[in-house]
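Next comes target26.csv, with CSV, C-alpha atoms.
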```csv
chain,number,residue,atom,x,y,z
U,19,MET,CA,-23.7,14.5,10.7
U,20,ALA,CA,-24.5,10.9,9.9
U,21,PRO,CA,-22.7,9.5,6.9
U,22,GLN,CA,-24.3,8.5,3.7
U,23,HIS,CA,-23.9,4.8,2.8
U,24,HIS,CA,-22.4,4.3,-0.7
U,25,LEU,CA,-22.2,0.9,-2.4
U,26,ILE,CA,-19.0,0.3,-4.5
U,27,LYS,CA,-19.0,-2.7,-6.9
U,28,LEU,CA,-15.9,-4.9,-6.9
U,29,ASP,CA,-16.3,-7.4,-9.7
U,30,SER,CA,-19.0,-9.8,-8.3
U,31,GLU,CA,-18.9,-8.3,-4.8
U,32,GLN,CA,-19.7,-4.9,-3.3
U,33,VAL,CA,-18.4,-2.9,-0.4
U,34,THR,CA,-20.4,-0.4,1.7
U,35,ALA,CA,-18.5,2.9,2.0
U,36,PHE,CA,-19.3,5.9,4.1
U,37,VAL,CA,-19.5,9.4,2.8
U,38,TYR,CA,-19.4,12.5,5.1
U,39,TRP,CA,-20.3,15.9,3.6
U,40,GLU,CA,-18.8,18.3,6.2
U,41,GLN,CA,-17.6,21.8,6.9
U,42,ARG,CA,-14.1,21.3,5.5
U,43,ARG,CA,-11.9,22.5,2.7
U,44,ASN,CA,-10.4,19.4,1.2
U,45,ILE,CA,-11.4,15.8,0.2
U,46,ARG,CA,-10.0,12.9,2.2
U,47,PHE,CA,-10.1,9.1,1.5
U,48,SER,CA,-9.3,6.6,4.2
U,49,LEU,CA,-9.9,2.9,5.2
U,50,THR,CA,-11.3,2.3,8.7
U,51,LYS,CA,-12.5,-0.7,10.7
U,52,LYS,CA,-16.0,-0.3,9.4
U,53,GLY,CA,-15.1,0.3,5.7
U,54,PRO,CA,-13.8,2.9,3.2
U,55,VAL,CA,-14.6,6.5,4.2
U,56,MET,CA,-14.7,9.7,2.1
U,57,ARG,CA,-14.9,13.1,3.8
U,58,ALA,CA,-15.6,16.1,1.5
U,59,PRO,CA,-16.8,19.7,1.7
U,60,ARG,CA,-20.6,20.0,1.9
U,61,TRP,CA,-20.5,23.1,-0.3
U,62,LEU,CA,-19.4,21.2,-3.4
U,63,PRO,CA,-21.8,21.6,-6.3
U,64,PRO,CA,-23.5,18.5,-7.7
U,65,ALA,CA,-21.1,18.0,-10.6
U,66,GLU,CA,-18.1,18.2,-8.2
U,67,ARG,CA,-19.7,15.8,-5.8
U,68,LYS,CA,-20.2,13.2,-8.6
U,69,LYS,CA,-16.6,13.7,-9.6
U,70,ALA,CA,-15.4,13.2,-6.1
U,71,LEU,CA,-17.4,10.0,-5.7
U,72,ARG,CA,-16.0,8.6,-8.9
U,73,GLN,CA,-12.5,9.3,-7.7
U,74,PHE,CA,-13.3,7.7,-4.4
U,75,GLU,CA,-14.7,4.6,-6.0
U,76,ASP,CA,-11.6,4.3,-8.2
U,77,TRP,CA,-9.3,4.7,-5.2
U,78,VAL,CA,-11.2,2.1,-3.2
U,79,ARG,CA,-11.0,-0.5,-6.0
U,80,LYS,CA,-7.3,0.1,-6.6
U,81,THR,CA,-6.5,0.0,-2.9
U,82,LEU,CA,-8.5,-3.2,-2.1
U,83,ASP,CA,-7.1,-5.0,-5.2
U,84,SER,CA,-3.7,-4.8,-3.4
U,85,ARG,CA,-5.0,-5.5,0.1
U,86,ALA,CA,-6.9,-8.8,-0.1
U,87,GLY,CA,-7.3,-9.1,3.7
U,88,LEU,CA,-9.2,-5.8,3.9
U,89,ARG,CA,-11.3,-6.7,0.8
U,90,ASN,CA,-12.3,-10.0,2.4
U,91,ARG,CA,-13.1,-8.2,5.7
U,92,TYR,CA,-15.3,-5.5,4.0
U,93,THR,CA,-17.2,-8.0,1.9
U,94,ASN,CA,-17.7,-10.5,4.7
U,95,LYS,CA,-15.8,-13.1,2.7
U,96,SER,CA,-13.8,-15.5,4.8
U,97,ARG,CA,-10.3,-16.3,3.8
U,98,PHE,CA,-10.8,-19.9,4.7
U,99,GLU,CA,-13.6,-22.1,3.5
U,100,ASP,CA,-14.7,-25.7,4.1
U,101,GLY,CA,-12.0,-28.2,3.1
U,102,ASP,CA,-9.2,-25.6,3.1
U,103,THR,CA,-6.0,-26.1,5.0
U,104,ILE,CA,-4.5,-23.6,7.5
U,105,GLU,CA,-0.8,-23.4,8.2
U,106,VAL,CA,-0.1,-22.3,11.7
U,107,MET,CA,3.4,-22.3,13.2
U,108,GLY,CA,4.6,-25.3,11.2
U,109,HIS,CA,1.3,-27.2,11.8
U,110,THR,CA,-1.3,-27.9,9.1
U,111,PHE,CA,-5.0,-28.1,10.0
U,112,ARG,CA,-7.9,-29.0,7.7
U,113,LEU,CA,-11.0,-27.0,8.2
U,114,ARG,CA,-14.5,-28.5,8.3
U,115,ILE,CA,-17.4,-26.1,8.3
U,116,GLU,CA,-20.9,-27.3,9.0
U,117,LYS,CA,-23.9,-25.0,8.7
U,118,ARG,CA,-26.6,-26.3,11.1
U,119,ALA,CA,-30.2,-25.3,11.6
U,120,ASP,CA,-30.4,-26.8,15.1
U,121,LEU,CA,-27.8,-24.6,16.7
U,122,LYS,CA,-28.5,-21.7,19.1
U,123,LEU,CA,-24.8,-20.7,19.3
U,124,HIS,CA,-21.9,-21.1,16.9
U,125,ARG,CA,-19.3,-23.6,18.2
U,126,GLY,CA,-16.0,-25.1,17.2
U,127,ARG,CA,-13.3,-27.5,18.4
U,128,ILE,CA,-10.1,-29.2,17.3
U,129,LEU,CA,-10.8,-32.8,16.7
U,130,ASP,CA,-9.0,-35.7,18.5
U,131,ASP,CA,-6.8,-36.2,15.5
U,132,GLY,CA,-5.2,-32.9,16.3
U,133,LYS,CA,-5.3,-32.0,12.6
U,134,THR,CA,-8.9,-31.0,11.9
U,135,ILE,CA,-10.8,-27.9,13.0
U,136,LEU,CA,-14.5,-28.3,13.1
U,137,LEU,CA,-16.7,-25.2,13.0
U,138,GLN,CA,-20.4,-25.5,13.4
U,139,ILE,CA,-22.2,-22.3,12.2
U,140,ARG,CA,-25.9,-21.4,12.6
U,141,ALA,CA,-27.4,-21.8,9.2
U,142,GLU,CA,-29.9,-19.0,9.6
U,143,ALA,CA,-27.2,-16.4,10.6
U,144,SER,CA,-26.5,-13.6,8.2
U,145,PRO,CA,-23.4,-13.7,6.0
U,146,GLU,CA,-21.8,-11.0,8.2
U,147,GLU,CA,-22.6,-13.0,11.4
U,148,GLN,CA,-21.2,-16.2,9.9
U,149,HIS,CA,-18.0,-14.4,8.9
U,150,LYS,CA,-17.6,-13.0,12.4
U,151,ALA,CA,-18.3,-16.4,13.9
U,152,ARG,CA,-15.6,-18.1,11.8
U,153,THR,CA,-13.1,-15.5,12.7
U,154,HIS,CA,-13.9,-15.6,16.4
U,155,LEU,CA,-13.9,-19.4,16.6
U,156,LEU,CA,-10.7,-19.9,14.6
U,157,SER,CA,-8.9,-17.2,16.6
U,158,ARG,CA,-10.1,-18.7,20.0
U,159,LEU,CA,-9.3,-22.3,19.1
U,160,LEU,CA,-5.8,-21.6,17.7
U,161,ALA,CA,-5.0,-19.2,20.6
U,162,ALA,CA,-5.7,-22.0,23.1
U,163,ARG,CA,-3.7,-24.4,21.0
U,164,PHE,CA,-0.5,-22.3,20.7
U,165,ARG,CA,-0.6,-19.9,23.6
U,166,ASP,CA,1.9,-21.9,25.7
U,167,THR,CA,4.3,-22.3,22.7
U,168,LEU,CA,4.3,-18.5,22.1
U,169,TYR,CA,4.7,-17.8,25.8
U,170,GLN,CA,7.7,-20.0,25.9
U,171,ARG,CA,9.2,-18.1,23.0
U,172,LEU,CA,8.5,-14.8,24.7
U,173,GLN,CA,10.3,-16.0,27.8
U,174,GLU,CA,13.3,-17.1,25.8
U,175,LEU,CA,13.6,-13.7,24.1
U,176,ASN,CA,13.1,-12.0,27.5
U,177,GLU,CA,15.8,-14.1,29.2
U,178,LYS,CA,18.2,-13.5,26.4
U,179,TYR,CA,17.8,-9.8,25.8
U,180,PHE,CA,15.7,-8.0,28.5
U,181,ARG,CA,15.2,-9.9,31.7
U,182,VAL,CA,12.1,-7.8,32.7
U,183,PRO,CA,9.2,-9.1,34.8
U,184,ILE,CA,6.2,-10.4,32.8
U,185,LYS,CA,3.0,-10.7,34.9
U,186,ASP,CA,0.7,-12.3,32.3
U,187,PHE,CA,0.6,-13.2,28.6
U,188,ARG,CA,-2.5,-13.4,26.5
U,189,LEU,CA,-3.5,-13.9,22.8
U,190,ARG,CA,-6.3,-11.7,21.6
U,191,TYR,CA,-7.8,-11.0,18.2
U,192,ALA,CA,-7.6,-7.4,17.1
U,193,ARG,CA,-8.1,-5.6,13.8
U,194,THR,CA,-5.2,-3.1,14.2
U,195,ARG,CA,-2.8,-3.5,17.1
U,196,TRP,CA,-0.3,-6.4,16.8
U,197,GLY,CA,0.6,-6.3,20.5
U,198,SER,CA,0.4,-4.3,23.7
U,199,CYS,CA,2.3,-4.0,27.0
U,200,ALA,CA,0.6,-2.7,30.2
U,201,HIS,CA,2.4,-0.9,33.0
U,202,SER,CA,1.4,-3.9,35.2
U,203,GLY,CA,3.6,-6.2,33.1
U,204,ASN,CA,0.8,-7.9,31.1
U,205,ILE,CA,1.8,-8.5,27.4
U,206,ASN,CA,-0.9,-9.2,24.8
U,207,LEU,CA,-0.3,-10.4,21.2
U,208,ASN,CA,-2.7,-10.5,18.3
U,209,THR,CA,-3.8,-14.0,17.4
U,210,ARG,CA,-3.4,-13.0,13.7
U,211,LEU,CA,0.4,-13.3,14.3
U,212,LEU,CA,-0.1,-17.1,14.4
U,213,LEU,CA,-0.3,-16.8,10.6
U,214,ALA,CA,2.9,-14.7,10.3
U,215,PRO,CA,6.5,-15.8,9.7
U,216,PRO,CA,8.4,-16.6,12.9
U,217,GLN,CA,10.6,-13.5,12.5
U,218,VAL,CA,7.5,-11.3,12.5
U,219,ARG,CA,6.3,-12.8,15.8
U,220,ASP,CA,9.8,-12.4,17.3
U,221,TYR,CA,9.8,-8.7,16.2
U,222,VAL,CA,6.4,-8.0,17.9
U,223,MET,CA,7.5,-9.8,21.0
U,224,ILE,CA,10.7,-7.9,21.2
U,225,HIS,CA,8.8,-4.6,20.5
U,226,GLU,CA,6.6,-5.3,23.5
U,227,LEU,CA,9.4,-6.4,25.7
U,228,ALA,CA,11.3,-3.3,24.9
U,229,HIS,CA,8.3,-1.3,26.1
U,230,ARG,CA,8.8,-2.8,29.6
U,231,ILE,CA,12.0,-0.7,29.6
U,232,HIS,CA,10.9,2.3,27.6
U,233,PRO,CA,7.1,2.9,27.6
U,234,ASN,CA,7.3,5.1,24.5
U,235,HIS,CA,8.7,5.1,20.9
U,236,SER,CA,11.8,7.2,21.7
U,237,ARG,CA,15.2,6.7,20.2
U,238,ALA,CA,16.2,4.8,23.3
U,239,PHE,CA,13.3,2.4,22.7
U,240,TRP,CA,14.2,1.7,19.1
U,241,ALA,CA,17.8,1.3,20.1
U,242,GLU,CA,16.7,-1.4,22.6
U,243,VAL,CA,14.7,-3.1,19.8
U,244,GLU,CA,17.7,-3.0,17.4
U,245,ARG,CA,20.0,-4.4,20.1
U,246,ALA,CA,17.8,-7.5,20.3
U,247,MET,CA,17.0,-7.7,16.6
U,248,PRO,CA,19.4,-5.8,14.3
U,249,ASP,CA,17.2,-6.5,11.2
U,250,TYR,CA,13.9,-5.5,12.9
U,251,ARG,CA,13.2,-2.9,10.2
U,252,SER,CA,12.7,-5.6,7.6
U,253,TRP,CA,10.1,-7.4,9.7
U,254,HIS,CA,8.5,-4.1,10.7
U,255,ASN,CA,8.1,-3.2,7.1
U,256,TRP,CA,6.9,-6.8,6.2
U,257,LEU,CA,4.1,-6.4,8.7
U,258,ARG,CA,3.1,-3.0,7.4
U,259,THR,CA,3.0,-4.4,3.8
U,260,HIS,CA,1.5,-7.8,4.4
U,261,GLY,CA,-0.4,-7.5,7.7
U,262,ASP,CA,-3.8,-7.3,6.0
U,263,THR,CA,-3.3,-10.9,4.7
U,264,LEU,CA,-3.0,-12.2,8.2
U,265,ASP,CA,-6.6,-13.0,9.1
U,266,PHE,CA,-9.0,-15.8,9.7
```
Could you write out this file's structure as structure tokens?
Amino acid sequence: MAPQHHLIKLDSEQVTAFVYWEQRRNIRFSLTKKGPVMRAPRWLPPAERKKALRQFEDWVRKTLDSRAGLRNRYTNKSRFEDGDTIEVMGHTFRLRIEKRADLKLHRGRILDDGKTILLQIRAEASPEEQHKARTHLLSRLLAARFRDTLYQRLQELNEKYFRVPIKDFRLRYARTRWGSCAHSGNINLNTRLLLAPPQVRDYVMIHELAHRIHPNHSRAFWAEVERAMPDYRSWHNWLRTHGDTLDF
């Protein structure tokens, strides 16, 4: 059954939530890539449905108040605006955003000064499309700028702790997964990690390198991670708590 769209007000903004009335016994709230979701029994009487929706709205407001990254994502509100500065791996960039009516495609580049990121956005694009364009352009430009630096760090950690073959290394934007390791030896990292503390990036790299030895999350795998990074739990927990704030 298709979900019902349900608008939830957040101060001056609003979020589109999705409500499923299903053949089930309990009520469940969750946050997904597309937005907040409520799943509830279809047999609930009208008064109970209203009560469930009120509880859902309260839960969404409370949850998003503590998770600014998700709130921005759901409301198509960019974290960075024109004139803001972006701190990336010890480098500071100033952001220039131009909305242009003469563009067919969004485009961006790092200017010759090496300190300014210029994004040119189609003026007639919807707020959602403009938000996605900023995210895509920033992610792509910064990945190109710092890919070799991160690859060098990955090789250093590999040489020191693992000495496993690495076939290729890529930076890709993702909503959820911070990294991945293929059987072929390809390792991918999320470009959002460019905004993270260096220890967090090291933890994710070590995590993926350990998967070249143990392609699972067994005790042996975590022992391999701990051998390379004894305090990995602190950075694992940091990422779980603050990961939503790492976004463009």
Set the distance at 10 Å and use only C-alpha atoms: which residues neighbour segment 51-61 of chain U once local chain neighbours fewer than 5 positions away are removed? I'd like the list as a PyMOL selection string.
chain U and resi 21-24+26+33-46+66-67+70-71+74-75+77-78+81-82+88-89+91-93+193-194
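Counting from atom CA of Thr209 of chain U, the distance to atom CA of Ala192 of chain U is 7.6 Å.
The smallest atom-to-atom distance between Arg165 of chain U and any of U:Arg230, U:Lys95, U:Arg251, U:Arg188, using all atoms listed in the file, is found for U:Arg188.
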Pick from U:Leu25, U:Ile115, U:Ala246, U:Leu49, whichever lies nearest to His149 of chain U using all atoms listed in the file
U:Ile115
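Computed from the coordinates, the atom CA of Ala151 of chain U to atom CA of Leu137 of chain U distance equals 9.0 Å.
Shortest separation to Pro145 of chain U among U:Asp120, U:Thr167, U:Ser96, U:Asn176 occurs at residue U:Ser96, atoms counted being only C-alpha atoms.
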What separates atom CA of Asp76 of chain U and atom CA of Asn90 of chain U is a distance of 17.8 Å
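Excluding Glu177 of chain U and any residue on its chain fewer than 5 positions from it, the residues at most 12 Å away by all atoms listed in the file are Gln170, Arg171, Leu172, Val182, Pro183, Ile184, Ile224, Leu227 and Ala246 of chain U.
Each of U:Arg190, U:His201, U:Arg258, U:Arg195 was compared to His232 of chain U using only C-alpha atoms, and U:His201 turns out to be the nearest.
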Starting from the point (-3.2, -6.6, 19.2), work out which residues of protein, DNA or RNA have an atom no more than 12 Å away when counting only C-alpha atoms; state them as a ChimeraX atom specification.
/U:188-199,205-212,219,222-223,226,261
At a cut-off of 7 Å, using only C-alpha atoms, what residues contact Tyr221 of chain U? Leave out same-chain residues fewer than 3 positions from it and give the result as a VMD selection string.
chain U and resid 217 to 218 224 to 225 250 253
Produce segment 235-259 of chain U of the given structure as output with N, CA and C atoms, as a compact mmCIF listing (two decimals), in the first residue's frame.
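selection-v3.txt, freshly written:
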```
# COMPACT_ATOMS: atom_id res chain seq x y z
N HIS U 235 32.08 -9.22 10.42
CA HIS U 235 32.24 -8.48 11.67
C HIS U 235 32.37 -9.46 12.84
N SER U 236 33.23 -10.44 12.64
CA SER U 236 33.47 -11.45 13.66
C SER U 236 34.36 -10.89 14.77
N ARG U 237 34.55 -11.67 15.82
CA ARG U 237 35.45 -11.27 16.90
C ARG U 237 36.87 -11.08 16.37
N ALA U 238 37.25 -11.92 15.42
CA ALA U 238 38.59 -11.80 14.84
C ALA U 238 38.74 -10.48 14.08
N PHE U 239 37.67 -10.08 13.42
CA PHE U 239 37.71 -8.80 12.70
C PHE U 239 37.92 -7.65 13.67
N TRP U 240 37.11 -7.59 14.74
CA TRP U 240 37.22 -6.47 15.69
C TRP U 240 38.55 -6.52 16.43
N ALA U 241 39.09 -7.71 16.64
CA ALA U 241 40.42 -7.80 17.25
C ALA U 241 41.48 -7.19 16.33
N GLU U 242 41.30 -7.37 15.03
CA GLU U 242 42.22 -6.79 14.05
C GLU U 242 42.13 -5.27 14.07
N VAL U 243 40.91 -4.75 14.17
CA VAL U 243 40.71 -3.30 14.26
C VAL U 243 41.36 -2.76 15.53
N GLU U 244 41.14 -3.44 16.65
CA GLU U 244 41.67 -2.97 17.93
C GLU U 244 43.20 -3.04 17.97
N ARG U 245 43.76 -4.00 17.30
CA ARG U 245 45.22 -4.10 17.25
C ARG U 245 45.82 -2.86 16.60
N ALA U 246 45.16 -2.37 15.56
CA ALA U 246 45.66 -1.19 14.85
C ALA U 246 45.25 0.11 15.53
N MET U 247 44.11 0.09 16.23
CA MET U 247 43.60 1.32 16.85
C MET U 247 42.94 0.95 18.18
N PRO U 248 43.70 0.88 19.26
CA PRO U 248 43.16 0.43 20.55
C PRO U 248 41.95 1.23 21.04
N ASP U 249 41.86 2.53 20.68
CA ASP U 249 40.73 3.35 21.13
C ASP U 249 39.67 3.50 20.06
N TYR U 250 39.56 2.52 19.16
CA TYR U 250 38.63 2.64 18.04
C TYR U 250 37.18 2.83 18.49
N ARG U 251 36.82 2.28 19.66
CA ARG U 251 35.43 2.39 20.12
C ARG U 251 35.02 3.85 20.31
N SER U 252 35.94 4.68 20.78
CA SER U 252 35.62 6.10 20.98
C SER U 252 35.24 6.76 19.66
N TRP U 253 35.97 6.45 18.61
CA TRP U 253 35.71 7.08 17.31
C TRP U 253 34.55 6.42 16.59
N HIS U 254 34.35 5.14 16.83
CA HIS U 254 33.15 4.47 16.33
C HIS U 254 31.90 5.11 16.93
N ASN U 255 31.93 5.35 18.24
CA ASN U 255 30.79 5.98 18.91
C ASN U 255 30.63 7.44 18.49
N TRP U 256 31.75 8.14 18.28
CA TRP U 256 31.67 9.53 17.80
C TRP U 256 30.93 9.59 16.48
N LEU U 257 31.23 8.67 15.60
CA LEU U 257 30.60 8.66 14.28
C LEU U 257 29.12 8.35 14.38
N ARG U 258 28.74 7.46 15.28
CA ARG U 258 27.32 7.14 15.46
C ARG U 258 26.56 8.33 16.02
N THR U 259 27.21 9.09 16.90
CA THR U 259 26.55 10.22 17.55
C THR U 259 26.53 11.46 16.66
```
